[in-house]
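J.: This is model-v5.cif (mmCIF, C-alpha atoms (C1' of nucleotides)).
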data_upload
#
loop_
_atom_site.label_atom_id
_atom_site.label_comp_id
_atom_site.auth_asym_id
_atom_site.auth_seq_id
_atom_site.Cartn_x
_atom_site.Cartn_y
_atom_site.Cartn_z
CA MET A 1 118.09 77.64 83.23
CA THR A 2 118.40 79.49 79.97
CA THR A 3 114.64 79.62 80.26
CA THR A 4 114.69 82.48 82.71
CA SER A 5 117.94 84.12 81.67
CA THR A 6 116.77 84.83 78.14
CA ALA A 7 113.45 86.26 79.27
CA PRO A 8 114.80 89.79 79.89
CA VAL A 9 116.42 89.71 76.46
CA PHE A 10 113.20 88.86 74.69
CA ALA A 11 111.29 91.33 76.81
CA ALA A 12 113.76 93.99 75.71
CA LEU A 13 113.24 92.98 72.09
CA GLY A 14 109.49 93.17 72.54
CA ASP A 15 109.20 96.92 72.14
CA PRO A 16 109.09 98.56 68.68
CA HIS A 17 111.14 101.56 69.78
CA ARG A 18 113.84 99.33 71.17
CA GLN A 19 113.87 97.26 67.99
CA GLN A 20 114.26 100.48 66.07
CA LEU A 21 117.17 101.56 68.26
CA LEU A 22 118.83 98.20 67.78
CA THR A 23 118.57 98.34 64.00
CA LEU A 24 119.88 101.91 64.02
CA LEU A 25 122.87 100.81 66.09
CA ALA A 26 123.45 97.69 64.00
CA ARG A 27 123.44 99.63 60.76
CA GLY A 28 124.89 102.95 61.82
CA GLY A 29 127.39 101.85 64.40
CA ALA A 30 127.80 103.13 67.95
CA ALA A 31 125.77 106.19 68.91
CA SER A 32 124.64 108.17 71.93
CA ALA A 33 121.12 108.60 73.28
CA SER A 34 121.09 112.24 72.23
CA SER A 35 122.10 111.48 68.67
CA LEU A 36 119.54 108.69 68.37
CA ALA A 37 116.61 110.59 69.86
CA PRO A 38 115.82 112.69 66.73
CA SER A 39 115.24 109.45 64.80
CA LEU A 40 112.45 108.38 67.16
CA PRO A 41 109.20 110.11 68.05
CA VAL A 42 110.07 110.22 71.74
CA SER A 43 112.18 112.37 74.01
CA ARG A 44 115.89 112.01 74.65
CA GLN A 45 115.19 110.74 78.17
CA ALA A 46 112.87 108.03 76.88
CA VAL A 47 115.57 106.87 74.45
CA ASP A 48 118.01 106.87 77.33
CA ARG A 49 115.76 104.58 79.32
CA HIS A 50 115.29 102.21 76.41
CA LEU A 51 119.04 102.01 75.97
CA ARG A 52 119.44 101.20 79.66
CA ILE A 53 116.94 98.38 79.32
CA LEU A 54 118.75 97.05 76.26
CA SER A 55 121.98 97.38 78.19
CA SER A 56 120.81 95.49 81.27
CA ALA A 57 119.51 92.77 78.95
CA GLY A 58 123.02 92.57 77.53
CA LEU A 59 122.00 93.54 74.00
CA VAL A 60 124.02 96.75 73.86
CA GLU A 61 127.11 98.02 75.61
CA PRO A 62 127.83 101.57 76.77
CA ARG A 63 131.23 103.12 76.27
CA ARG A 64 132.32 106.56 77.40
CA SER A 65 133.88 108.76 74.75
CA GLY A 66 134.62 112.26 75.93
CA ARG A 67 131.39 113.69 77.29
CA GLU A 68 129.26 111.25 75.37
CA VAL A 69 128.19 107.69 76.08
CA LEU A 70 128.20 105.60 72.93
CA TYR A 71 126.14 102.43 72.77
CA SER A 72 127.03 99.54 70.49
CA VAL A 73 125.41 96.20 69.70
CA ARG A 74 126.63 93.08 71.51
CA ARG A 75 126.47 90.24 69.04
CA ALA A 76 126.97 87.53 71.65
CA GLU A 77 123.60 88.18 73.20
CA LEU A 78 121.84 88.14 69.83
CA ASP A 79 123.41 84.75 69.15
CA ARG A 80 122.43 83.42 72.57
CA SER A 81 118.80 84.36 72.05
CA ALA A 82 118.77 82.89 68.57
CA ALA A 83 120.20 79.68 70.01
CA TRP A 84 117.39 79.50 72.56
CA LEU A 85 114.81 79.77 69.79
CA ARG A 86 116.61 77.12 67.78
CA ASP A 87 116.66 74.72 70.73
CA LEU A 88 112.96 75.25 71.25
CA ALA A 89 112.26 74.51 67.60
CA ASP A 90 114.50 71.45 67.78
CA GLY A 91 112.60 70.14 70.77
CA TRP A 92 109.40 70.48 68.82
CA ASP A 93 110.93 68.64 65.88
CA ARG A 94 112.02 65.80 68.11
CA ARG A 95 108.50 65.60 69.46
CA LEU A 96 107.10 65.37 65.97
CA SER A 97 109.47 62.59 64.93
CA ALA A 98 108.68 60.70 68.13
CA ILE A 99 104.99 60.84 67.26
CA LYS A 100 105.70 59.73 63.73
CA ALA A 101 107.87 56.84 64.92
CA ALA A 102 105.21 55.75 67.38
CA ALA A 103 102.59 55.82 64.65
CA GLU A 104 104.73 53.63 62.39
CA ALA A 105 105.56 51.11 65.12
CA PRO A 106 102.41 50.82 67.26
CA GLU A 107 103.94 48.17 69.51
CA MET B 1 108.45 96.39 58.56
CA THR B 2 109.27 93.16 60.23
CA THR B 3 110.42 95.50 62.94
CA THR B 4 106.96 96.01 64.32
CA SER B 5 105.48 92.65 63.39
CA THR B 6 107.98 90.67 65.42
CA ALA B 7 107.63 92.87 68.48
CA PRO B 8 104.55 91.05 69.84
CA VAL B 9 106.34 87.74 69.34
CA PHE B 10 109.35 88.81 71.37
CA ALA B 11 107.15 90.42 73.96
CA ALA B 12 105.34 87.10 74.30
CA LEU B 13 108.68 85.33 74.70
CA GLY B 14 109.71 87.84 77.32
CA ASP B 15 107.84 86.25 80.20
CA PRO B 16 109.31 83.30 82.15
CA HIS B 17 105.93 81.61 82.57
CA ARG B 18 105.27 81.78 78.87
CA GLN B 19 108.72 80.42 78.10
CA GLN B 20 107.99 77.57 80.46
CA LEU B 21 104.68 76.87 78.74
CA LEU B 22 106.39 76.86 75.36
CA THR B 23 109.06 74.39 76.45
CA LEU B 24 106.40 72.17 78.00
CA LEU B 25 104.47 72.20 74.75
CA ALA B 26 107.57 71.66 72.63
CA ARG B 27 108.70 68.69 74.67
CA GLY B 28 105.39 67.17 75.74
CA GLY B 29 103.27 67.84 72.69
CA ALA B 30 99.88 69.52 72.53
CA ALA B 31 98.15 70.17 75.86
CA SER B 32 95.26 72.11 77.37
CA ALA B 33 95.43 75.01 79.81
CA SER B 34 94.02 72.84 82.57
CA SER B 35 96.59 70.11 82.11
CA LEU B 36 99.44 72.62 82.01
CA ALA B 37 98.37 74.65 85.02
CA PRO B 38 99.64 72.19 87.69
CA SER B 39 103.14 72.54 86.27
CA LEU B 40 103.19 76.29 86.94
CA PRO B 41 102.76 78.19 90.20
CA VAL B 42 99.77 80.12 88.89
CA SER B 43 96.07 79.51 88.43
CA ARG B 44 94.43 77.80 85.49
CA GLN B 45 92.99 81.11 84.32
CA ALA B 46 96.40 82.75 84.34
CA VAL B 47 97.79 79.92 82.19
CA ASP B 48 94.83 80.39 79.88
CA ARG B 49 95.65 84.05 79.42
CA HIS B 50 99.30 83.32 78.76
CA LEU B 51 98.30 80.80 76.13
CA ARG B 52 96.06 83.40 74.52
CA ILE B 53 98.95 85.83 74.37
CA LEU B 54 101.19 83.17 72.84
CA SER B 55 98.40 82.40 70.43
CA SER B 56 97.83 85.98 69.30
CA ALA B 57 101.59 86.28 68.80
CA GLY B 58 101.33 83.24 66.53
CA LEU B 59 103.61 81.06 68.65
CA VAL B 60 101.02 78.44 69.49
CA GLU B 61 97.83 77.24 67.87
CA PRO B 62 94.61 76.15 69.60
CA ARG B 63 92.74 73.08 68.40
CA ARG B 64 89.46 71.78 69.79
CA SER B 65 89.44 68.11 70.77
CA GLY B 66 86.23 67.01 72.43
CA ARG B 67 85.67 69.25 75.42
CA GLU B 68 89.29 70.31 75.57
CA VAL B 69 91.31 72.93 73.71
CA LEU B 70 94.77 71.65 72.91
CA TYR B 71 97.56 74.11 72.19
CA SER B 72 100.53 73.17 70.05
CA VAL B 73 103.73 74.97 69.01
CA ARG B 74 103.84 76.73 65.64
CA ARG B 75 107.33 76.25 64.30
CA ALA B 76 106.94 78.84 61.56
CA GLU B 77 106.78 81.69 64.02
CA LEU B 78 109.82 80.47 65.90
CA ASP B 79 111.72 80.43 62.63
CA ARG B 80 110.51 83.89 61.70
CA SER B 81 111.74 85.37 64.97
CA ALA B 82 115.05 83.57 64.70
CA ALA B 83 115.42 85.03 61.20
CA TRP B 84 114.85 88.54 62.52
CA LEU B 85 117.60 88.08 65.07
CA ARG B 86 119.89 86.68 62.40
CA ASP B 87 119.27 89.66 60.12
CA LEU B 88 120.04 92.03 62.96
CA ALA B 89 123.29 90.21 63.70
CA ASP B 90 124.15 90.22 59.99
CA GLY B 91 123.62 93.95 59.81
CA TRP B 92 126.00 94.37 62.68
CA ASP B 93 128.56 92.18 60.94
CA ARG B 94 128.30 94.24 57.79
CA ARG B 95 128.87 97.34 59.86
CA LEU B 96 131.98 95.85 61.40
CA SER B 97 133.47 94.85 58.05
CA ALA B 98 132.71 98.29 56.66
CA ILE B 99 134.65 99.82 59.53
CA LYS B 100 137.49 97.41 59.00
CA ALA B 101 137.61 98.13 55.27
CA ALA B 102 137.60 101.87 55.91
CA ALA B 103 140.47 101.50 58.36
CA GLU B 104 142.50 99.55 55.82
CA ALA B 105 141.83 102.01 52.99
CA PRO B 106 141.73 105.50 54.58
CA GLU B 107 141.02 107.23 51.29
"C1'" DA C 1 135.66 131.71 84.27
"C1'" DA C 2 131.71 131.31 81.52
"C1'" DC C 3 129.03 128.87 78.31
"C1'" DA C 4 127.15 125.02 75.82
"C1'" DC C 5 126.10 120.37 75.56
"C1'" DG C 6 125.35 115.59 77.08
"C1'" DT C 7 124.14 112.72 80.73
"C1'" DG C 8 121.69 111.12 85.04
"C1'" DC C 9 117.91 111.31 88.07
"C1'" DA C 10 113.36 112.26 90.16
"C1'" DA C 11 108.44 113.16 90.12
"C1'" DC C 12 104.25 112.49 87.80
"C1'" DA C 13 100.52 110.73 84.77
"C1'" DC C 14 98.82 107.09 82.00
"C1'" DT C 15 98.37 102.55 80.20
"C1'" DT C 16 99.19 97.88 80.22
"C1'" DT C 17 100.14 93.45 82.40
"C1'" DA C 18 99.81 89.79 85.73
"C1'" DT C 19 97.04 87.38 88.75
"C1'" DT C 20 93.22 86.21 91.62
"C1'" DT C 21 88.45 84.76 92.71
"C1'" DG C 22 83.91 83.76 91.28
"C1'" DC C 23 80.56 82.17 88.21
"C1'" DA C 24 78.14 80.77 83.87
"C1'" DG C 25 78.02 77.51 80.07
"C1'" DG C 26 79.26 73.50 77.30
"C1'" DT C 27 80.53 68.56 76.88
"C1'" DC C 28 81.08 63.88 78.17
"C1'" DA C 29 80.06 59.76 81.06
"C1'" DA C 30 77.33 56.96 84.30
"C1'" DT D 1 69.28 63.47 84.27
"C1'" DT D 2 72.90 64.11 87.30
"C1'" DG D 3 77.52 64.94 88.20
"C1'" DA D 4 82.23 65.93 86.92
"C1'" DC D 5 85.34 68.44 84.31
"C1'" DC D 6 86.85 71.92 81.10
"C1'" DT D 7 86.45 76.31 78.93
"C1'" DG D 8 85.24 81.31 78.81
"C1'" DC D 9 84.25 85.70 80.79
"C1'" DA D 10 84.00 89.60 84.36
"C1'" DA D 11 85.52 92.34 88.17
"C1'" DA D 12 89.08 93.73 91.24
"C1'" DT D 13 93.70 94.70 92.55
"C1'" DA D 14 98.47 95.23 92.53
"C1'" DA D 15 102.53 95.92 89.96
"C1'" DA D 16 105.20 97.24 86.04
"C1'" DG D 17 106.11 99.73 81.75
"C1'" DT D 18 106.10 104.01 78.80
"C1'" DG D 19 106.33 108.59 78.35
"C1'" DT D 20 106.75 113.51 79.80
"C1'" DT D 21 108.92 117.65 82.09
"C1'" DG D 22 112.26 119.80 85.01
"C1'" DC D 23 116.63 120.20 87.07
"C1'" DA D 24 121.30 119.07 88.78
"C1'" DC D 25 125.93 117.58 87.53
"C1'" DG D 26 130.01 116.61 84.61
"C1'" DT D 27 132.76 117.54 80.74
"C1'" DG D 28 134.49 119.89 77.07
"C1'" DT D 29 135.18 124.61 74.59
"C1'" DT D 30 136.08 129.49 74.17
#
Can I see the file as structure tokens?
T.:
Amino acid sequence: MTTTSTAPVFAALGDPHRQQLLTLLARGGAASASSLAPSLPVSRQAVDRHLRILSSAGLVEPRRSGREVLYSVRRAELDRSAAWLRDLADGWDRRLSAIKAAAEAPE
Amino acid sequence: MTTTSTAPVFAALGDPHRQQLLTLLARGGAASASSLAPSLPVSRQAVDRHLRILSSAGLVEPRRSGREVLYSVRRAELDRSAAWLRDLADGWDRRLSAIKAAAEAPE
DNA sequence: AACACGTGCAACACTTTATTTGCAGGTCAA
DNA sequence: TTGACCTGCAAATAAAGTGTTGCACGTGTT
């Protein structure tokens, strides 16, 4: 089940510009699309779209402040994705120990 | 720097079929494209391409065994991606404590 | 009210991705 | 050698993603 629900998250993380936006938000705090755009080599509208994608993946959260919309990082989703990776790695480890055990006790 | 190098990894993880292939490999051990294809609702060739993408992202590794090509999970890359997520979350935590400290000591 | 600024949306072009079918070539077994 | 099975590659198509420009609409400010 987590198999499909984390896919949009990883897909969102799979773009360099979006990674850049995430690190900017993580280090600089909440910011708007317009204020972030100068830091990237793309237009304000493109940044806006990336932030929407990150938002629908649950990685950032929009908050209205006056006439601006400030986006901030949502840690919970980062943790959830990291947990998925960890479970995958654990499954692989279990597989390896099963092979090792089978090799040591042929019958 | 890791910003761009992990992007292909996350992009590879961002597809449900590829996630499914990874979990199959992690739990069932090394397998070929042909043997995996019946478990997915796509053709053998499509599975092959997904495995190539996972392979070029470093998430799986091909190994020739007779007339088959067996793919197996590469734990190192899983760990590397998990580390990237952890660093991002840590950066966000540092940001939060900086804000908190500033609030407690206005000047 | 008038102006500036930030957002939201639509149209468009371009590139990439996903997937299929078909076929050629290699490898193993009878 | 013949047949079965697996891999590898090409062409075709449909869909999605990335980016741009232009413009309309709120929301503050003067």
J.: Can you pull out the residues contacting C:DC23? Cut-off 12 Å, using all atoms listed in the file, and skip same-chain residues under 5 positions away; I want them as a ChimeraX atom specification.
T.: /D:8-11
J.: Return as an MDAnalysis selection string the residues belonging to chain A that are within 10 Å of chain D, counting all atoms listed in the file.
T.: chainID A and resid 42:43 45:46 49:50 66:68
J.: If you count all atoms listed in the file, which residues fall within 12 Å of B:Trp84, apart from same-chain ones fewer than 2 positions away, as a ChimeraX atom specification?
T.: /A:13,19,22-23,78-79,81-82,85 /B:1-7,9-10,77-82,86-91
J.: Starting from the PyMOL selection byres ((chain C) within 12 of (chain B)), expand the selection into actual residues of this file and give them as a PDB file with C-alpha atoms (C1' of nucleotides), in the frame of the given file.
T.:
ATOM      1  C1'  DT C  17     100.140  93.450  82.400  1.00  0.00           C
ATOM      2  C1'  DA C  18      99.810  89.790  85.730  1.00  0.00           C
ATOM      3  C1'  DT C  19      97.040  87.380  88.750  1.00  0.00           C
ATOM      4  C1'  DT C  20      93.220  86.210  91.620  1.00  0.00           C
ATOM      5  C1'  DT C  21      88.450  84.760  92.710  1.00  0.00           C
ATOM      6  C1'  DG C  22      83.910  83.760  91.280  1.00  0.00           C
ATOM      7  C1'  DG C  26      79.260  73.500  77.300  1.00  0.00           C
ATOM      8  C1'  DT C  27      80.530  68.560  76.880  1.00  0.00           C
ATOM      9  C1'  DC C  28      81.080  63.880  78.170  1.00  0.00           C
TER      10       DC C  28
END
J.: Considering all atoms listed in the file, can you say which of B:Pro41, B:Leu21, B:Arg63, B:Pro8 comes closest to chain A?
T.: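 Smallest distance to chain A is found for B:Pro8.
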J.: Using the file's own x, y and z axes, so that the box edges lie along x, y and z, what centre and edge lengths in Å (one decimal) does a box around every listed atom of stretch 43-49 of chain A get when 8 Å is added on each side? Give it as JSON.
T.:
{"center_x": 115.1, "center_y": 108.5, "center_z": 76.7, "size_x": 21.8, "size_y": 23.8, "size_z": 21.3}
J.: May I ask for the distance between atom CA of B:Ala83 and atom CA of A:Leu40, given in Å to one decimal place?
T.: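 Between atom CA of B:Ala83 and atom CA of A:Leu40 the gap is 24.3 Å.
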J.: Given the file above and the PyMOL selection byres ((chain B and resi 59) around 7), which residues are selected, and can you give them as a list in words?
T.: Leu54, Ser55, Ala57, Gly58, Val60, Glu61, Val73, Arg74, Glu77 and Leu78 of chain B
J.: Complete stretch 65-84 of chain B with N, CA and C atoms (output as a short mmCIF file (atom, residue, chain, number, x, y, z; two decimals), keeping the file's coordinate frame).
T.:
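Result went into out18.cif, see below:
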data_model
loop_
_atom_site.label_atom_id
_atom_site.label_comp_id
_atom_site.auth_asym_id
_atom_site.auth_seq_id
_atom_site.Cartn_x
_atom_site.Cartn_y
_atom_site.Cartn_z
N SER B 65 89.46 69.57 70.78
CA SER B 65 89.44 68.11 70.77
C SER B 65 88.48 67.67 71.86
N GLY B 66 87.24 67.37 71.45
CA GLY B 66 86.23 67.01 72.43
C GLY B 66 85.89 68.22 73.28
N ARG B 67 85.99 68.08 74.58
CA ARG B 67 85.67 69.25 75.42
C ARG B 67 86.93 70.00 75.81
N GLU B 68 88.04 69.62 75.25
CA GLU B 68 89.29 70.31 75.57
C GLU B 68 89.75 71.20 74.42
N VAL B 69 90.64 72.14 74.74
CA VAL B 69 91.31 72.93 73.71
C VAL B 69 92.80 72.67 73.85
N LEU B 70 93.35 72.01 72.86
CA LEU B 70 94.77 71.65 72.91
C LEU B 70 95.60 72.69 72.17
N TYR B 71 96.66 73.14 72.81
CA TYR B 71 97.56 74.11 72.19
C TYR B 71 98.82 73.39 71.72
N SER B 72 99.28 73.76 70.53
CA SER B 72 100.53 73.17 70.05
C SER B 72 101.43 74.26 69.48
N VAL B 73 102.73 73.99 69.45
CA VAL B 73 103.73 74.97 69.01
C VAL B 73 103.64 75.18 67.50
N ARG B 74 103.79 76.43 67.08
CA ARG B 74 103.84 76.73 65.64
C ARG B 74 105.29 77.04 65.27
N ARG B 75 105.92 76.09 64.63
CA ARG B 75 107.33 76.25 64.30
C ARG B 75 107.60 77.46 63.43
N ALA B 76 106.71 77.76 62.52
CA ALA B 76 106.94 78.84 61.56
C ALA B 76 107.27 80.15 62.26
N GLU B 77 106.55 80.43 63.34
CA GLU B 77 106.78 81.69 64.02
C GLU B 77 108.11 81.71 64.76
N LEU B 78 108.50 80.56 65.28
CA LEU B 78 109.82 80.47 65.90
C LEU B 78 110.90 80.79 64.87
N ASP B 79 110.74 80.21 63.68
CA ASP B 79 111.72 80.43 62.63
C ASP B 79 111.75 81.89 62.20
N ARG B 80 110.57 82.50 62.13
CA ARG B 80 110.51 83.89 61.70
C ARG B 80 111.25 84.81 62.68
N SER B 81 111.07 84.55 63.96
CA SER B 81 111.74 85.37 64.97
C SER B 81 113.23 85.14 64.94
N ALA B 82 113.62 83.88 64.77
CA ALA B 82 115.05 83.57 64.70
C ALA B 82 115.67 84.29 63.50
N ALA B 83 114.91 84.36 62.39
CA ALA B 83 115.42 85.03 61.20
C ALA B 83 115.62 86.52 61.46
N TRP B 84 114.71 87.11 62.22
CA TRP B 84 114.85 88.54 62.52
C TRP B 84 116.13 88.80 63.30
#
